[in-house]
Amino acid sequence: MFSEKISKEYIVKQQGTSEGTQIKYKKGDYWYKKDKSGCEGLVEYLVSNFLRYTNLNAEEYVVYEYGTINGEKGCRSKKFLKSNEELITLYRLYFNEYGRDLSQVINEMDEMEERIDYVIRFVEKSCGINIFEYLKKVLTVDMIILNEDRHLNNLALIFDGNAFKPSPIFDNGLSLLTGNRSVNWKFPVSDNVKRMVARPFSGSHEKMVEYFGKGLEIDAESALA
């Protein structure tokens, strides 16, 4: 566990997400964020450690540490962008081009398949990259960890001035039945699992993974050793 004192001068952005305002800090080579809805920092740590036991490459997901920031629980991760790189979320990519919220656009479509196809075609047309495999991996992870917060600001590309590539998987804190909006502890865990509402193309993790296919393998023997 880390313990870090950070002054307000290191606040980089205070941005609205689907769960409200999130204060983030950047100090040295690290990004920091405090818990807001539950145990997000611990969940980020657990999820990134779980991903070590999959066939994802190390650069395909962000590694988080659990600790305290100014005495409050949270997490930190090393910056993954090089000096010439920029992170562009799918939300921002679409808004910059069309001035509209991509999530609202696809929510007007009747079928999950139509929403997926629209987003993949848009990114390929705008950036020259097919993100099918990227989405397959992210959405498989989300199904396993019961992530309810995979909005279009949590899906992103990296641009180096010449070409785009998928970003590492990041921002998994509202998972594992901790900060999830659908959780009601009047019900048993098994019922809460069934109550999970997925994003961004369907309310069902299973339907999205069925469409894309399984995006990763787990080395369960090593994980349980």
# chains A, B, ... in the order shown; residues from 1 in each chain; ligands from 1
>>> residues_around(residues="segment 7-9 of chain A", least_positions_apart="4", cutoff="10 Å", atoms="only C-alpha atoms", output="ChimeraX atom specification")
/A:25-27,69-70
>>> write_last_selection(atoms="C-alpha atoms", output="compact mmCIF listing (two decimals), in the first residue's frame")
# COMPACT_ATOMS: atom_id res chain seq x y z
CA TYR A 25 -4.29 14.22 -9.30
CA LYS A 26 -1.10 13.86 -11.29
CA LYS A 27 2.15 13.88 -9.33
CA ILE A 69 -4.32 9.95 -0.62
CA ASN A 70 -4.28 12.65 2.04
>>> select_by_dssp(residues="segment 46-198 of chain A", states="helix (DSSP H, G or I)", output="PyMOL selection string")
chain A and resi 46-51+58-60+90-98+102-107+112-127+132-145+189-194
>>> residues_around(residues="Val47 of chain A", least_positions_apart="2", cutoff="12 Å", atoms="only C-alpha atoms", output="MDAnalysis selection string")
chainID A and resid 40:45 49:54 61:66 141:142 144:147 169:176
>>> closest_atom_pairs(of="segment 100-148 of chain A", to="segment 158-163 of chain A", cutoff="9 Å", atoms="only C-alpha atoms", output="JSON lines")
{"residue": "A:Cys127", "atom": "CA", "partner": "A:Ala163", "partner_atom": "CA", "distance": 7.6}
{"residue": "A:Gly128", "atom": "CA", "partner": "A:Ala163", "partner_atom": "CA", "distance": 8.1}
{"residue": "A:Ile129", "atom": "CA", "partner": "A:Ala163", "partner_atom": "CA", "distance": 8.7}
>>> closest_atom_pairs(of="segment 103-187 of chain A", to="segment 73-97 of chain A", cutoff="9 Å", atoms="only C-alpha atoms", output="JSON lines")
{"residue": "A:Ser103", "atom": "CA", "partner": "A:Tyr91", "partner_atom": "CA", "distance": 7.5}
{"residue": "A:Val119", "atom": "CA", "partner": "A:Leu90", "partner_atom": "CA", "distance": 8.6}
{"residue": "A:Phe122", "atom": "CA", "partner": "A:Tyr94", "partner_atom": "CA", "distance": 8.2}
{"residue": "A:Val123", "atom": "CA", "partner": "A:Leu90", "partner_atom": "CA", "distance": 8.0}
{"residue": "A:Ser126", "atom": "CA", "partner": "A:Leu93", "partner_atom": "CA", "distance": 8.5}
{"residue": "A:His151", "atom": "CA", "partner": "A:Tyr91", "partner_atom": "CA", "distance": 8.6}
{"residue": "A:Leu152", "atom": "CA", "partner": "A:Tyr91", "partner_atom": "CA", "distance": 5.1}
{"residue": "A:Asn153", "atom": "CA", "partner": "A:Thr89", "partner_atom": "CA", "distance": 5.2}
{"residue": "A:Asn154", "atom": "CA", "partner": "A:Thr89", "partner_atom": "CA", "distance": 6.8}
{"residue": "A:Leu155", "atom": "CA", "partner": "A:Thr89", "partner_atom": "CA", "distance": 5.7}
{"residue": "A:Ala156", "atom": "CA", "partner": "A:Thr89", "partner_atom": "CA", "distance": 3.9}
{"residue": "A:Leu157", "atom": "CA", "partner": "A:Ile88", "partner_atom": "CA", "distance": 5.3}
{"residue": "A:Ile158", "atom": "CA", "partner": "A:Leu87", "partner_atom": "CA", "distance": 4.7}
{"residue": "A:Phe159", "atom": "CA", "partner": "A:Glu86", "partner_atom": "CA", "distance": 5.2}
{"residue": "A:Asp160", "atom": "CA", "partner": "A:Glu85", "partner_atom": "CA", "distance": 4.3}
{"residue": "A:Gly161", "atom": "CA", "partner": "A:Glu85", "partner_atom": "CA", "distance": 7.1}
{"residue": "A:Ser167", "atom": "CA", "partner": "A:Leu87", "partner_atom": "CA", "distance": 7.5}
{"residue": "A:Pro168", "atom": "CA", "partner": "A:Phe80", "partner_atom": "CA", "distance": 8.3}
>>> write_last_selection(atoms="N, CA and C atoms", output="PDB file, in the first residue's frame")
ATOM      1  N   SER A 103     -23.190   8.362 -26.873  1.00  0.00           N
ATOM      2  CA  SER A 103     -24.056   7.441 -26.133  1.00  0.00           C
ATOM      3  C   SER A 103     -25.526   7.728 -26.419  1.00  0.00           C
ATOM      4  N   VAL A 119     -20.641   2.195 -33.981  1.00  0.00           N
ATOM      5  CA  VAL A 119     -19.445   2.700 -33.301  1.00  0.00           C
ATOM      6  C   VAL A 119     -18.181   2.185 -33.979  1.00  0.00           C
ATOM      7  N   PHE A 122     -17.737   4.021 -37.263  1.00  0.00           N
ATOM      8  CA  PHE A 122     -17.340   5.409 -37.037  1.00  0.00           C
ATOM      9  C   PHE A 122     -15.850   5.504 -36.722  1.00  0.00           C
ATOM     10  N   VAL A 123     -15.377   4.673 -35.813  1.00  0.00           N
ATOM     11  CA  VAL A 123     -13.957   4.723 -35.422  1.00  0.00           C
ATOM     12  C   VAL A 123     -13.067   4.343 -36.593  1.00  0.00           C
ATOM     13  N   SER A 126     -12.982   7.297 -38.989  1.00  0.00           N
ATOM     14  CA  SER A 126     -12.314   8.488 -38.457  1.00  0.00           C
ATOM     15  C   SER A 126     -10.836   8.272 -38.176  1.00  0.00           C
ATOM     16  N   HIS A 151     -18.875   3.316 -19.742  1.00  0.00           N
ATOM     17  CA  HIS A 151     -19.434   4.315 -20.643  1.00  0.00           C
ATOM     18  C   HIS A 151     -18.378   4.689 -21.688  1.00  0.00           C
ATOM     19  N   LEU A 152     -18.746   5.565 -22.601  1.00  0.00           N
ATOM     20  CA  LEU A 152     -17.876   5.844 -23.746  1.00  0.00           C
ATOM     21  C   LEU A 152     -16.735   6.801 -23.430  1.00  0.00           C
ATOM     22  N   ASN A 153     -16.642   7.252 -22.184  1.00  0.00           N
ATOM     23  CA  ASN A 153     -15.436   7.939 -21.720  1.00  0.00           C
ATOM     24  C   ASN A 153     -14.460   6.960 -21.075  1.00  0.00           C
ATOM     25  N   ASN A 154     -14.859   5.698 -20.958  1.00  0.00           N
ATOM     26  CA  ASN A 154     -13.979   4.658 -20.433  1.00  0.00           C
ATOM     27  C   ASN A 154     -13.513   3.701 -21.528  1.00  0.00           C
ATOM     28  N   LEU A 155     -13.759   4.075 -22.768  1.00  0.00           N
ATOM     29  CA  LEU A 155     -13.226   3.386 -23.940  1.00  0.00           C
ATOM     30  C   LEU A 155     -12.449   4.429 -24.726  1.00  0.00           C
ATOM     31  N   ALA A 156     -11.213   4.113 -25.102  1.00  0.00           N
ATOM     32  CA  ALA A 156     -10.382   5.183 -25.657  1.00  0.00           C
ATOM     33  C   ALA A 156      -9.321   4.651 -26.614  1.00  0.00           C
ATOM     34  N   LEU A 157      -8.790   5.588 -27.389  1.00  0.00           N
ATOM     35  CA  LEU A 157      -7.676   5.334 -28.289  1.00  0.00           C
ATOM     36  C   LEU A 157      -6.504   6.213 -27.889  1.00  0.00           C
ATOM     37  N   ILE A 158      -5.321   5.805 -28.298  1.00  0.00           N
ATOM     38  CA  ILE A 158      -4.114   6.615 -28.115  1.00  0.00           C
ATOM     39  C   ILE A 158      -3.650   7.081 -29.484  1.00  0.00           C
ATOM     40  N   PHE A 159      -3.386   8.384 -29.592  1.00  0.00           N
ATOM     41  CA  PHE A 159      -2.932   8.980 -30.847  1.00  0.00           C
ATOM     42  C   PHE A 159      -1.540   9.551 -30.647  1.00  0.00           C
ATOM     43  N   ASP A 160      -0.595   9.157 -31.525  1.00  0.00           N
ATOM     44  CA  ASP A 160       0.788   9.614 -31.385  1.00  0.00           C
ATOM     45  C   ASP A 160       1.152  10.710 -32.392  1.00  0.00           C
ATOM     46  N   GLY A 161       0.135  11.284 -33.032  1.00  0.00           N
ATOM     47  CA  GLY A 161       0.374  12.301 -34.039  1.00  0.00           C
ATOM     48  C   GLY A 161       0.333  11.760 -35.450  1.00  0.00           C
ATOM     49  N   SER A 167      -6.317   2.026 -26.320  1.00  0.00           N
ATOM     50  CA  SER A 167      -5.705   2.312 -25.021  1.00  0.00           C
ATOM     51  C   SER A 167      -5.705   1.045 -24.173  1.00  0.00           C
ATOM     52  N   PRO A 168      -4.923   1.034 -23.111  1.00  0.00           N
ATOM     53  CA  PRO A 168      -5.059  -0.044 -22.129  1.00  0.00           C
ATOM     54  C   PRO A 168      -6.447   0.006 -21.483  1.00  0.00           C
TER      55      PRO A 168
END
>>> residues_around(residues="Ser204 of chain A", least_positions_apart="5", cutoff="12 Å", atoms="only C-alpha atoms", output="number ranges by chain")
A: 112, 139-140, 142-143, 146-148, 193-199, 209-211
>>> select_by_dssp(residues="segment 1-68 of chain A", states="strand (DSSP E)", output="PyMOL selection string")
chain A and resi 2-4+11-17+20-27+30-34+64-68
>>> atom_distance(atom1="atom CA of Asp110 of chain A", atom2="atom CA of Phe212 of chain A")
18.3 Å
>>> closest_residue(among="A:Glu221, A:Glu59, A:Thr68, A:Asp29", to="Met1 of chain A", atoms="only C-alpha atoms")
A:Thr68
